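S.K.: First, the structure itself, so that you have it in front of you.
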Amino acid sequence: MTIFDASRPGRRGVELPAAKTSTPAGLAEGELRRDLAWPELSEPEVIRHFVGLSRKNHAIDVGFYPLGSCTMKYNPKINEEMARLPGFAALHPLQPEETVQGALQLMWELQRDLAEITGMDRVSLQPAAGAQGEQTGVLMIKAYHRARQDLERTEVLIPDAAHGTNPATASLAGFDVVEVASDKRGGVDLEALKAKLGPKTAAVMLTNPSTLGLFEDNIVEIARLTHEAGGLLYYDGANLNAILGKCRPGDTGFDVVHVNLHKTFSTPHGGGGPGSGPVGVKEHLAPFLPGPTVGQDESGFHLVVGGPQSIGRMRSFYGNFGMHLRAYTYIRALGKDGLTTVAEDAVLNANYLLHLLKDRLTVPYERLAKHEFVVSLPKAIKEQTGVRTLDVAKRLLDFGVHSPTVYFPLIVDEAMMIEPTETESKETLEAFAAIVGTVLDEAVRDPEMVKTAPHTTPVRRLDEARAARQPDLRYRPQ
Amino acid sequence: MTIFDASRPGRRGVELPAAKTSTPAGLAEGELRRDLAWPELSEPEVIRHFVGLSRKNHAIDVGFYPLGSCTMKYNPKINEEMARLPGFAALHPLQPEETVQGALQLMWELQRDLAEITGMDRVSLQPAAGAQGEQTGVLMIKAYHRARQDLERTEVLIPDAAHGTNPATASLAGFDVVEVASDKRGGVDLEALKAKLGPKTAAVMLTNPSTLGLFEDNIVEIARLTHEAGGLLYYDGANLNAILGKCRPGDTGFDVVHVNLHKTFSTPHGGGGPGSGPVGVKEHLAPFLPGPTVGQDESGFHLVVGGPQSIGRMRSFYGNFGMHLRAYTYIRALGKDGLTTVAEDAVLNANYLLHLLKDRLTVPYERLAKHEFVVSLPKAIKEQTGVRTLDVAKRLLDFGVHSPTVYFPLIVDEAMMIEPTETESKETLEAFAAIVGTVLDEAVRDPEMVKTAPHTTPVRRLDEARAARQPDLRYRPQ
Amino acid sequence: MRFTPHTAAERAAMLDALGFSEVMDLFADLPAEVRLGRDLNLPLGMPELELDRHVRSLADKNRHLGQMPSFLGAGAYDRFIPAAVSEILRRTEFYTSYTPYQPEVSQGTLQAIWEFQSLVAALYEMDVAQASLYDGATAAAEAMMVAVAETGRQGVVVARSVDPQVRSVIRTYAQGRSLQITELALDEDRCDLLELDRLLTDQVAVLIVQQPSFLGAIEPVAEMVESAHRVGALAVVIADPIAHAWLKPPGAYGADLAVGEGQGLGVAPSFGGPYVGLMAARQGLVRRLPGRIVGRTVDVDEKPGFVLTLQTREQHIRRQRATSNICTNQGLIALAATVYMSLVGPEGLRQVALLSHEGAEDLKGRLLAIPGVTALGPAKTFYEFAIRLPKDAREVNRRLLADGFIGGYALAADYPELGAGSWLLAVTEKRTKDEIAAFAKAVADAL
Amino acid sequence: MRFTPHTAAERAAMLDALGFSEVMDLFADLPAEVRLGRDLNLPLGMPELELDRHVRSLADKNRHLGQMPSFLGAGAYDRFIPAAVSEILRRTEFYTSYTPYQPEVSQGTLQAIWEFQSLVAALYEMDVAQASLYDGATAAAEAMMVAVAETGRQGVVVARSVDPQVRSVIRTYAQGRSLQITELALDEDRCDLLELDRLLTDQVAVLIVQQPSFLGAIEPVAEMVESAHRVGALAVVIADPIAHAWLKPPGAYGADLAVGEGQGLGVAPSFGGPYVGLMAARQGLVRRLPGRIVGRTVDVDEKPGFVLTLQTREQHIRRQRATSNICTNQGLIALAATVYMSLVGPEGLRQVALLSHEGAEDLKGRLLAIPGVTALGPAKTFYEFAIRLPKDAREVNRRLLADGFIGGYALAADYPELGAGSWLLAVTEKRTKDEIAAFAKAVADAL
Ligand SMILES: Cc1ncc(COP(=O)(O)O)c(C=O)c1O
Ligand SMILES: Cc1ncc(COP(=O)(O)O)c(C=O)c1O
């Protein structure tokens, strides 16, 4: 039942002080609306409705969530507590600076810490998510070339394994996307890269470790080639969790990075956001950063608006401050020691789980994994039984775990992309491997069971084709 | 899996600043303990464990909870928000009075408001729950008689329909319990009462409306008879929700009352507490009240310890302040208008639901109900099918509602005690009546289905006999 | 470590299973020259007890809206948030889940978003709405991109009375596709309609206006939309959700897209974010919308359920040909708004808006009664309004802060043409009569 | 109304179905003479916006522990509470459910209580524990009742070094059954063992001692328990859970019942409540215990599950013959303690206790170095200790408050024999070295 179906005219979930008038004075009839077709409910009904909805969700705090590329790590509860302090939550973004020194200090320290962690020179916290971080970065690259009167650089090179936001961003920034093939080891094919680099190259966008969970060990060479061709190197920080304290993108030749605070820095994913995608740049790109950023002088902390070459604002105010605050709390909780342990345990967990699964699933690249790995459903199973990766993913749901990311990256057939994260225990990994084993056995023994899964979830397999063919996108009274 | 089974030695859910020493200095070996057999887990594991447990509970915010006598009404969210303000939650009970004037004011106002609502002269907020309120009241009655040198009053009269806490309390206070039968209309049988009242009578304990949900319309006569016999009249306030703003126990002859803040005044039930059971008394019992209570003078609010005749403390400090605070917030939210509406809607809901069910269930007393009502499973069903009230209660759980209180009061065969409360909607009542109808149909059509219920709950019917025969009351390592 | 379960013994056992002897073996694939041969230059980790103290000490360096009555708006508002909203946001099943890629175990999130879409569409009286954007500013920019794609044109006309931050974001987004942006000037305190007719050519893809405007003015939006349509341009209306409890909604006068900032709908000001961008459109544009969209369908047992739909618009399917690059949006904040809208209902929203309006009219009357204070122009306003002080507004704000008030927004930095005394004030339902009166008096004293 | 769904139309429809014409018909069974013929003398209800403001204004009239370092204990402690505890307490499935009468839909509550019992039993090294009591004071009183029932005797010996509030509650509970209470005197700062032997007769049902005592002293509990057993009395030890991270647990020296106040285990001081009483016992007493007990069993499918058990002890079955009258206990607070104990684990609890102990030793050293300040006696102490000031302790507390500190507990009101300068101080893991040093200096200045 939707909240609209639960509505009864005249119910109220909130009462307010009495108004003196019954309509806004001075507005003409023609300026006023007639009706507002919202539901009407009491507070208990609203609570029961949304509590009921919540109980239909899987979540990190409910069970294992190895959704590759998304870094579904535990979200510490202290972060939530701190974010709700009125000294942060009840700040207007345009209050006088002298009344928000604590907030500005926090942002300033976070800028500095993210610069240190990524090995970059300057950071802006403004982008609202990873994709907006990319957009910021690519627009800065565009502005950089333009400022140098280097006007023919219309192409952005992107590996075929890349996340969809990378090509979408490059295109949104007005670039042509040139796909670069991967080599047999799952890395960027250096020959292919060389062939595509040239005077039109504005940038190369990479994530490292790649979406295959593999460290791009040619990275220094890639950076050299890119720079030689006059392009800049963009770092998609979605996979930063793997290398915290071990290696810094800035030290490996990247010119711009974004980081996803909602991945590496434990801010909650919220059912799909809010995220936060700060960008870091090397000094040569600093003039193009979006403003305001936070600066410090003897009188305290200040908002510094972008200079004349700045690409301008990416969104209103200073970004998702509530997420900055959580990420800051997390960084302070862990410190340099803890962040390094995060990377170590994330990589250990991925390799251990890969080890537990490698005899049952096809491993396309037999290399050391970083924080995640990609495997395929064995061809033999698919051919013999007709069971597909999607079916396996759905069947896993019946066992109380979330499924891995599936069918991504696109270059691996029947891909399952598995990212356990460092916050999962050895037992959980072993239990998950056992579940996968059970499902694979079942796929052979009783393929229908798997093909018609899930069976025990709040709803069963949904008709997505019908949803797209006959879009029912909002409530309409019958 | 219990939290002990999930433990792994060396895990930690909380880190603390480093200590300088490794054991408490100066303590002899023989004074120290060896081992502390507690589980060891990380924060994510602890959270997942308890979130998982929570999801196995029914609760008011999950669905209908018509547990008679317990007043499972909606608990407003603003109460929880206010209770967590550091200005309340972070107060030490022994702080200097000048630093807790807001807390004392709140308690003072609550004392005054509860006195007004119940029609009593003085209130103490100290008792921690209803049962302790009873104990407080009965001990005051004992002290009262003793102070008057009226030393032969050893009996407390209690209706046979009463809640178990009433006789247990009287006995704990050193009284003999004398049971008074109910009459055909479900009220106290006046003749039986007269026969049992006498020089040994210390008190009569009643709840009104009674546990049958019926208003004791002879109440004035009962009070007169009790007082004539030299006894005092005790009011168990568990059912106060029915008469808020309509009638006050103090005006109908009661000498002592307790109220359950966790019932009538919406403080959460917490899976079995904390409750709060303030007591109110008429002036003649005031000297016996437990201290401290809160008083006011020109310099502010003060804690006033009990006088020489006080029965003494019932518990440490001033009672469950966190519950006082929620009840206070609730009373201010509703005000005189809202509290009266509560009683009206609570009674309306009970009568409406009774109306919807009366053709399907046996109604022992065909009278106007107050906030709740008692019905029985029809004898015919029981005899034909062997299905009992317990089975019906269990089967209801499969439909996502909580069952009513069953087999209480003891004087009604196969009793179901149903209290919808005022916070439920008409649709919910109708849906519940339909579910009951379905289950009763099923009882006839497919009695096994009902007798083996529940079928869809986290566990099915549990072996309570085994639990009592072979008590397994704590974790023991294998 | 408290957030990671492994003990030293477990790590050793796992490494052993992998045939490794030490943790650094896991990083053997990092070429020596890229390894960070030192510790990060960060402090050591803090136990929660110290961390809590430290972060609170930063919070305590701020003075917050609970401590000073505020009349500052300009895009973020100090509105009342019922406790029930945060109760739902704290449900871990909502905040620790992610984009509902597996709908069978994400019906909570999916249905809530579908309800959000329904509420936003109803608010704006548009055919459809999508699942949220980063904020109101990016929503406006994304709407512009939709219009550009739909019309194949490159011209953009943005009213100067649109929030300057929103205009700035629009300009940033326009850089990528080299769009031509023209600003529609002010006539006193509203859009210049004569100028509008001059700017609207057949090169124009879209007209972007704000209702009420950044200056608080109720704009003649219906006429403006009509003018845009006359040249084949689309009309995007940035529509404040609270004021639209009463104002005629964009759908009622033919806007093609309605967008807005949802912060007023139960979201804490939180120093500027996270907020939530709203976007609704007419049916014909649905396949051009950016970001997520949830649709209702049925499962194999014909039981109704919800899924992400029309995904062929999206980056993970369409890659460089996607309608936008959005992946993570503002899910949890959309949920907050959904709970808020459900709680207040139509009557509650009207009352919130009416109380704000009454307060604003009261304050406006009091301020305009102060000698030397004048109106910017003839526009009607709703809960936010601009006036002109006989003194620099920044100076007045400083005086007011000393008196314990957060004053209005000094407009001159964005609108030099309005003069140093131009000042924008917002009144919400949280401001009491006494606060308004005291503030007006403090302003008079400060002049 | 916001908490009740009915609209006027629905009320009318429901009344109509009942054959009534107005709401007062529902109260026709109230005799005219008992009806309240007027409105309650209370204010009108407040919208949440005003209510929030009003209740916050009361909170703001208090000065809380986050604003002033406190050295006050005496039964309630300012300890660190990890954020994860309140996350679980805010799960509505826990806080809006009730006593698990239907175990099939209450496994969350039941298992959590069973784990609470297990943790408490392990802490005290006793065989069993029950599901919580109102607080530490009533737990002690209930333990006394168990001993009285078990022995059939009426005598009770309570150490004078037991918390005076606990002694007061014991006296109150004793009134009902006319028990004879004798107080075991102090010898300097500990129990007088010679006096104990005089008091222990074959009339004595129970000896009640506290470890560490209210004065902070580590008492010779093992000897005392032995003495009690020698005369056939039971021994009840009131055992502080934090100090017992290190101290030998009651079960290790044969106590019959161990009880305690659980506030230190993750529960906010909250002006004195709600707290939670702990009670554990040796196996032989299990059927005499008060209150709820949860047991593990299996369901019809042999799946493990939990139920309320041994209910024949309880009031709802046994009525006047029940072991106690307890119905509602402190379920949610027991849950808080359970989550806390699970988070800190054995090492965490030891560290909390050790940090507190180190701080207390530091403070004690600093204070005893001030001329005129003396120890009460030779007892060892843990994190709370008593000293004697050369001035009235209440006066010193007033001075300290002016300096921004909450001072200790002035003992003279409860222990006139210790003099006006006697003062009890507690140090928890929250107190920093700097706070301790500053406090010691402020004390020196105040003398
Ligand atoms: C590799 C990669 N790049 C970019 C993104 C986009 O980040 P966001 O969702 O924060 O916009 C993601 C998100 O899943 C990702 O996995
Ligand atoms: C009628 C009645 N009296 C007394 C009580 C005892 O109250 P408490 O559980 O708060 O101790 C109850 C509780 O259910 C009750 O229903």
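Identifiers in this document derive from the order of the structure tokens: chains are assigned A, B, ..., residues are numbered from 1 separately in each chain, and ligands are numbered from 1 in order of occurrence.
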Select from segment 70-268 of chain C everything DSSP, run on the backbone, classes as alpha helix (DSSP H), then give the selection as number ranges by chain.
M.R.: C: 83-89, 92-95, 107-124, 136-151, 164-177, 193-199, 221-230
S.K.: Any idea what's packed within 12 Å of Leu42 of chain D, counting only C-alpha atoms, ignoring anything in its chain fewer than 2 positions away? Could you give it as a list of chain:residue names?
M.R.: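 Selected residues are B:Glu109, B:Leu110, B:Arg112, B:Asp113, B:Leu114, B:Ala115, B:Glu116, B:Ile117, B:Gly245, B:Tyr328, B:Ile331, B:Arg332, B:Ala333, B:Leu334, B:Gly335, B:Lys336, B:Asp337, B:Gly338, B:Leu339, B:Thr340, D:Arg38, D:Asp39, D:Leu40, D:Leu44, D:Gly45, D:Met46.
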S.K.: Would you output that residue set with N, CA and C atoms, as a PDB file, in the first residue's frame?
M.R.:
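Result file is result_39.pdb:
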ATOM      1  N   GLU B 109       5.914  20.507  37.858  1.00  0.00           N
ATOM      2  CA  GLU B 109       4.721  20.676  37.019  1.00  0.00           C
ATOM      3  C   GLU B 109       4.029  19.343  36.770  1.00  0.00           C
ATOM      4  N   LEU B 110       4.834  18.302  36.600  1.00  0.00           N
ATOM      5  CA  LEU B 110       4.231  16.986  36.348  1.00  0.00           C
ATOM      6  C   LEU B 110       3.473  16.502  37.590  1.00  0.00           C
ATOM      7  N   ARG B 112       2.026  18.346  39.753  1.00  0.00           N
ATOM      8  CA  ARG B 112       0.815  19.155  39.814  1.00  0.00           C
ATOM      9  C   ARG B 112      -0.206  18.681  38.776  1.00  0.00           C
ATOM     10  N   ASP B 113       0.283  18.405  37.558  1.00  0.00           N
ATOM     11  CA  ASP B 113      -0.650  18.011  36.506  1.00  0.00           C
ATOM     12  C   ASP B 113      -1.253  16.636  36.781  1.00  0.00           C
ATOM     13  N   LEU B 114      -0.438  15.716  37.301  1.00  0.00           N
ATOM     14  CA  LEU B 114      -0.986  14.390  37.604  1.00  0.00           C
ATOM     15  C   LEU B 114      -2.001  14.490  38.740  1.00  0.00           C
ATOM     16  N   ALA B 115      -1.740  15.369  39.699  1.00  0.00           N
ATOM     17  CA  ALA B 115      -2.708  15.576  40.775  1.00  0.00           C
ATOM     18  C   ALA B 115      -4.033  16.083  40.186  1.00  0.00           C
ATOM     19  N   GLU B 116      -3.937  17.008  39.267  1.00  0.00           N
ATOM     20  CA  GLU B 116      -5.148  17.552  38.647  1.00  0.00           C
ATOM     21  C   GLU B 116      -5.883  16.479  37.843  1.00  0.00           C
ATOM     22  N   ILE B 117      -5.133  15.701  37.095  1.00  0.00           N
ATOM     23  CA  ILE B 117      -5.758  14.694  36.219  1.00  0.00           C
ATOM     24  C   ILE B 117      -6.436  13.598  37.039  1.00  0.00           C
ATOM     25  N   GLY B 245     -10.002  13.303  31.794  1.00  0.00           N
ATOM     26  CA  GLY B 245     -10.831  14.490  31.573  1.00  0.00           C
ATOM     27  C   GLY B 245     -12.317  14.245  31.702  1.00  0.00           C
ATOM     28  N   TYR B 328       5.681  14.302  30.616  1.00  0.00           N
ATOM     29  CA  TYR B 328       5.460  15.751  30.676  1.00  0.00           C
ATOM     30  C   TYR B 328       5.303  16.311  29.269  1.00  0.00           C
ATOM     31  N   ILE B 331       1.929  15.375  27.950  1.00  0.00           N
ATOM     32  CA  ILE B 331       0.814  16.131  28.538  1.00  0.00           C
ATOM     33  C   ILE B 331       0.783  17.549  27.955  1.00  0.00           C
ATOM     34  N   ARG B 332       1.946  18.153  27.780  1.00  0.00           N
ATOM     35  CA  ARG B 332       1.979  19.496  27.185  1.00  0.00           C
ATOM     36  C   ARG B 332       1.576  19.452  25.707  1.00  0.00           C
ATOM     37  N   ALA B 333       1.937  18.374  25.026  1.00  0.00           N
ATOM     38  CA  ALA B 333       1.549  18.248  23.610  1.00  0.00           C
ATOM     39  C   ALA B 333       0.038  18.216  23.488  1.00  0.00           C
ATOM     40  N   LEU B 334      -0.610  17.450  24.350  1.00  0.00           N
ATOM     41  CA  LEU B 334      -2.045  17.248  24.203  1.00  0.00           C
ATOM     42  C   LEU B 334      -2.862  18.311  24.909  1.00  0.00           C
ATOM     43  N   GLY B 335      -2.446  18.685  26.102  1.00  0.00           N
ATOM     44  CA  GLY B 335      -3.210  19.665  26.857  1.00  0.00           C
ATOM     45  C   GLY B 335      -4.557  19.114  27.283  1.00  0.00           C
ATOM     46  N   LYS B 336      -5.342  19.962  27.902  1.00  0.00           N
ATOM     47  CA  LYS B 336      -6.625  19.498  28.429  1.00  0.00           C
ATOM     48  C   LYS B 336      -7.545  19.017  27.321  1.00  0.00           C
ATOM     49  N   ASP B 337      -7.485  19.688  26.182  1.00  0.00           N
ATOM     50  CA  ASP B 337      -8.339  19.306  25.065  1.00  0.00           C
ATOM     51  C   ASP B 337      -7.922  17.943  24.520  1.00  0.00           C
ATOM     52  N   GLY B 338      -6.633  17.806  24.310  1.00  0.00           N
ATOM     53  CA  GLY B 338      -6.135  16.574  23.713  1.00  0.00           C
ATOM     54  C   GLY B 338      -6.304  15.369  24.615  1.00  0.00           C
ATOM     55  N   LEU B 339      -6.069  15.534  25.909  1.00  0.00           N
ATOM     56  CA  LEU B 339      -6.201  14.393  26.819  1.00  0.00           C
ATOM     57  C   LEU B 339      -7.635  13.883  26.821  1.00  0.00           C
ATOM     58  N   THR B 340      -8.577  14.803  26.772  1.00  0.00           N
ATOM     59  CA  THR B 340      -9.975  14.379  26.750  1.00  0.00           C
ATOM     60  C   THR B 340     -10.283  13.639  25.456  1.00  0.00           C
TER      61      THR B 340
ATOM     62  N   ARG D  38     -16.192  19.838  34.183  1.00  0.00           N
ATOM     63  CA  ARG D  38     -15.412  20.986  33.735  1.00  0.00           C
ATOM     64  C   ARG D  38     -14.198  20.486  32.966  1.00  0.00           C
ATOM     65  N   ASP D  39     -13.497  21.411  32.350  1.00  0.00           N
ATOM     66  CA  ASP D  39     -12.230  21.046  31.726  1.00  0.00           C
ATOM     67  C   ASP D  39     -11.177  20.783  32.803  1.00  0.00           C
ATOM     68  N   LEU D  40     -10.234  19.940  32.485  1.00  0.00           N
ATOM     69  CA  LEU D  40      -9.075  19.816  33.369  1.00  0.00           C
ATOM     70  C   LEU D  40      -8.367  21.164  33.439  1.00  0.00           C
ATOM     71  N   LEU D  44      -3.876  24.382  27.163  1.00  0.00           N
ATOM     72  CA  LEU D  44      -4.239  23.737  25.901  1.00  0.00           C
ATOM     73  C   LEU D  44      -3.014  23.032  25.322  1.00  0.00           C
ATOM     74  N   GLY D  45      -3.260  22.096  24.428  1.00  0.00           N
ATOM     75  CA  GLY D  45      -2.161  21.379  23.790  1.00  0.00           C
ATOM     76  C   GLY D  45      -1.291  22.304  22.952  1.00  0.00           C
ATOM     77  N   MET D  46      -0.029  21.899  22.799  1.00  0.00           N
ATOM     78  CA  MET D  46       0.924  22.716  22.036  1.00  0.00           C
ATOM     79  C   MET D  46       1.289  22.025  20.736  1.00  0.00           C
TER      80      MET D  46
END
S.K.: Between D:Arg399, D:His244, D:Lys391, D:Arg318, which residue has the minimum interatomic distance to Val120 of chain D, considering only C-alpha atoms?
M.R.: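 Counting only C-alpha atoms, the residue closest to Val120 of chain D is D:His244.
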S.K.: Specify as number ranges by chain all residues of chain C found within 12 Å of chain B, counting only C-alpha atoms.
M.R.: C: 1-11, 44-52, 81-88, 91-93, 96
S.K.: Please identify all residues of chain B having at least one atom at most 6 Å from any atom of chain A, considering only C-alpha atoms, and return them as a ChimeraX atom specification.
M.R.: /B:48,61-62
S.K.: Go ahead and compute the interatomic distance for atom CA of Ala174 of chain C and atom CA of Val146 of chain C, in Å to one decimal.
M.R.: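 A separation of 11.9 Å between them.
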S.K.: Quick one: pull the distance between atom CA of Arg474 of chain A and atom CA of Pro274 of chain A, Å, one decimal.
M.R.: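 Taking atom CA of Arg474 of chain A as the start and atom CA of Pro274 of chain A as the end point, the length is 22.5 Å.
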S.K.: Residues within 7 Å of ligand 1 should be enumerated using only C-alpha atoms and all ligand atoms and returned as a list in words.
M.R.: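 The neighbouring residues of ligand 1 are, in order, Ser69, Cys70, Ala129, Gly130, Ala131, Gln132, Ala162, His163, Thr165, Asn166, Thr207, Thr211, Asp236, Ala238, Asn239, Asn260, Gly275, Ser276 and Gly277 of chain A; Ile326, Cys327 and Thr328 of chain C.
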S.K.: Which residues are near segment 306-311 of chain D? Cut-off 6 Å, only C-alpha atoms, ignore same chain within fewer than 3 positions. Put them as an NGL selection string.
M.R.: (:B and (468)) or (:D and (103 or 110 or 293-297 or 314))
S.K.: I need the chosen residues saved as a tab-separated table (two decimals), in the first residue's frame, with N, CA, C and O atoms.
M.R.:
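This went into again_10.tsv:
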chain	number	residue	atom	x	y	z
B	468	ALA	N	10.93	-24.65	31.18
B	468	ALA	CA	10.78	-24.62	32.64
B	468	ALA	C	11.37	-25.87	33.29
B	468	ALA	O	11.86	-25.81	34.41
D	103	PRO	N	6.17	-15.03	22.51
D	103	PRO	CA	7.59	-15.17	22.20
D	103	PRO	C	7.88	-15.28	20.70
D	103	PRO	O	8.94	-14.88	20.26
D	110	LEU	N	13.64	-11.16	23.76
D	110	LEU	CA	13.94	-12.33	24.59
D	110	LEU	C	15.40	-12.72	24.51
D	110	LEU	O	16.05	-12.96	25.53
D	293	ILE	N	12.45	-13.98	34.03
D	293	ILE	CA	13.62	-14.78	33.67
D	293	ILE	C	13.37	-15.36	32.28
D	293	ILE	O	12.27	-15.85	32.00
D	294	VAL	N	14.37	-15.27	31.43
D	294	VAL	CA	14.24	-15.82	30.08
D	294	VAL	C	15.04	-17.12	29.99
D	294	VAL	O	16.16	-17.20	30.51
D	295	GLY	N	14.46	-18.10	29.35
D	295	GLY	CA	15.15	-19.37	29.13
D	295	GLY	C	15.21	-19.71	27.66
D	295	GLY	O	14.39	-19.27	26.87
D	296	ARG	N	16.18	-20.53	27.33
D	296	ARG	CA	16.31	-20.97	25.94
D	296	ARG	C	15.62	-22.31	25.77
D	296	ARG	O	15.70	-23.17	26.65
D	297	THR	N	14.94	-22.49	24.67
D	297	THR	CA	14.26	-23.75	24.40
D	297	THR	C	14.26	-23.97	22.89
D	297	THR	O	15.11	-23.41	22.19
D	314	GLU	N	5.83	-15.89	39.37
D	314	GLU	CA	5.44	-14.51	39.08
D	314	GLU	C	4.01	-14.17	39.46
D	314	GLU	O	3.15	-15.05	39.56
S.K.: What does the distance from atom CA of Arg185 of chain A to atom CA of Val374 of chain A come to in Å, to one decimal?
M.R.: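 These two atoms are separated by 12.7 Å.
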S.K.: For each of C:Lys430, C:Arg319, C:Lys303, C:His54, take the minimum atom-to-atom distance to chain D, counting only C-alpha atoms, then give the residue where this is smallest.
M.R.: C:Lys430
S.K.: When you count only C-alpha atoms, which of these residues is closest to chain C: D:Gln283, D:Val373, D:Leu89, D:Glu384?
M.R.: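 Looking at the shortest contact to chain C, the residue is D:Leu89.
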S.K.: So, counting only C-alpha atoms, which residue among C:Gly254, C:Gly66, C:Gly331, C:Pro371 is closest to chain D?
M.R.: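 Of C:Gly254, C:Gly66, C:Gly331, C:Pro371, the one nearest chain D is C:Gly66, counting only C-alpha atoms.
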S.K.: For Leu353 of chain A, find every residue with an atom within 9 Å (counting only C-alpha atoms), except residues of its own chain fewer than 3 positions away, and show them as a PyMOL selection string.
M.R.: chain A and resi 348-350+356-358+418+420+426+429-430+432-433
S.K.: Need to verify the contact set: Pro127 of chain A, 10 Å, only C-alpha atoms, exclusion of same-chain residues closer than 3 positions in sequence. Can you return it as a list in words?
M.R.: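 Surrounding residues, per the criterion: Ser124, Gly130, Ala131, Gln132, Gly133, Glu134, Gln135, Thr136, Gly137, His258, Val259, Asn260, Gly275, Ser276, Gly277, Pro278, Val279, Pro290, Arg313, Met314, Arg315, Ser316, Tyr318, Gly319 and Asn320 of chain A; Tyr134 of chain C.
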S.K.: May I have the residues within 7 Å of Ala334 of chain C as a ChimeraX atom specification, using only C-alpha atoms and disregarding those fewer than 3 positions away in the same chain?
M.R.: /C:116,132,276,330-331,337-338
S.K.: Selection from above, N, CA and C atoms, as an mmCIF file, in the first residue's frame, can you write it?
M.R.:
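Result saved to out_27.cif:
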data_model
loop_
_atom_site.group_PDB
_atom_site.id
_atom_site.type_symbol
_atom_site.label_atom_id
_atom_site.label_comp_id
_atom_site.auth_asym_id
_atom_site.auth_seq_id
_atom_site.Cartn_x
_atom_site.Cartn_y
_atom_site.Cartn_z
ATOM 1 N N PHE C 116 8.162 9.777 -3.225
ATOM 2 C CA PHE C 116 8.800 11.089 -3.390
ATOM 3 C C PHE C 116 8.461 11.655 -4.771
ATOM 4 N N SER C 132 15.500 12.526 -7.428
ATOM 5 C CA SER C 132 16.300 13.514 -6.699
ATOM 6 C C SER C 132 17.570 13.863 -7.456
ATOM 7 N N VAL C 276 18.522 18.565 -1.266
ATOM 8 C CA VAL C 276 17.987 17.681 -2.307
ATOM 9 C C VAL C 276 17.356 18.497 -3.433
ATOM 10 N N GLN C 330 20.628 11.958 -4.016
ATOM 11 C CA GLN C 330 20.465 12.409 -2.630
ATOM 12 C C GLN C 330 19.409 11.567 -1.921
ATOM 13 N N GLY C 331 19.456 10.260 -2.143
ATOM 14 C CA GLY C 331 18.402 9.362 -1.676
ATOM 15 C C GLY C 331 17.859 9.635 -0.282
ATOM 16 N N ALA C 337 12.480 14.426 2.887
ATOM 17 C CA ALA C 337 11.435 15.273 2.316
ATOM 18 C C ALA C 337 10.136 14.493 2.172
ATOM 19 N N THR C 338 10.240 13.225 1.817
ATOM 20 C CA THR C 338 9.039 12.396 1.656
ATOM 21 C C THR C 338 8.313 12.250 2.991
#
S.K.: Enumerate as number ranges by chain all residues of segment 57-265 of chain A assigned to strand (DSSP E or B) by DSSP on the backbone, naming them with the chain letters and numbers the document uses.
M.R.: A: 57, 67, 100, 122-124, 155-159, 176-180, 182, 188, 201-206, 232-237, 247, 256-259
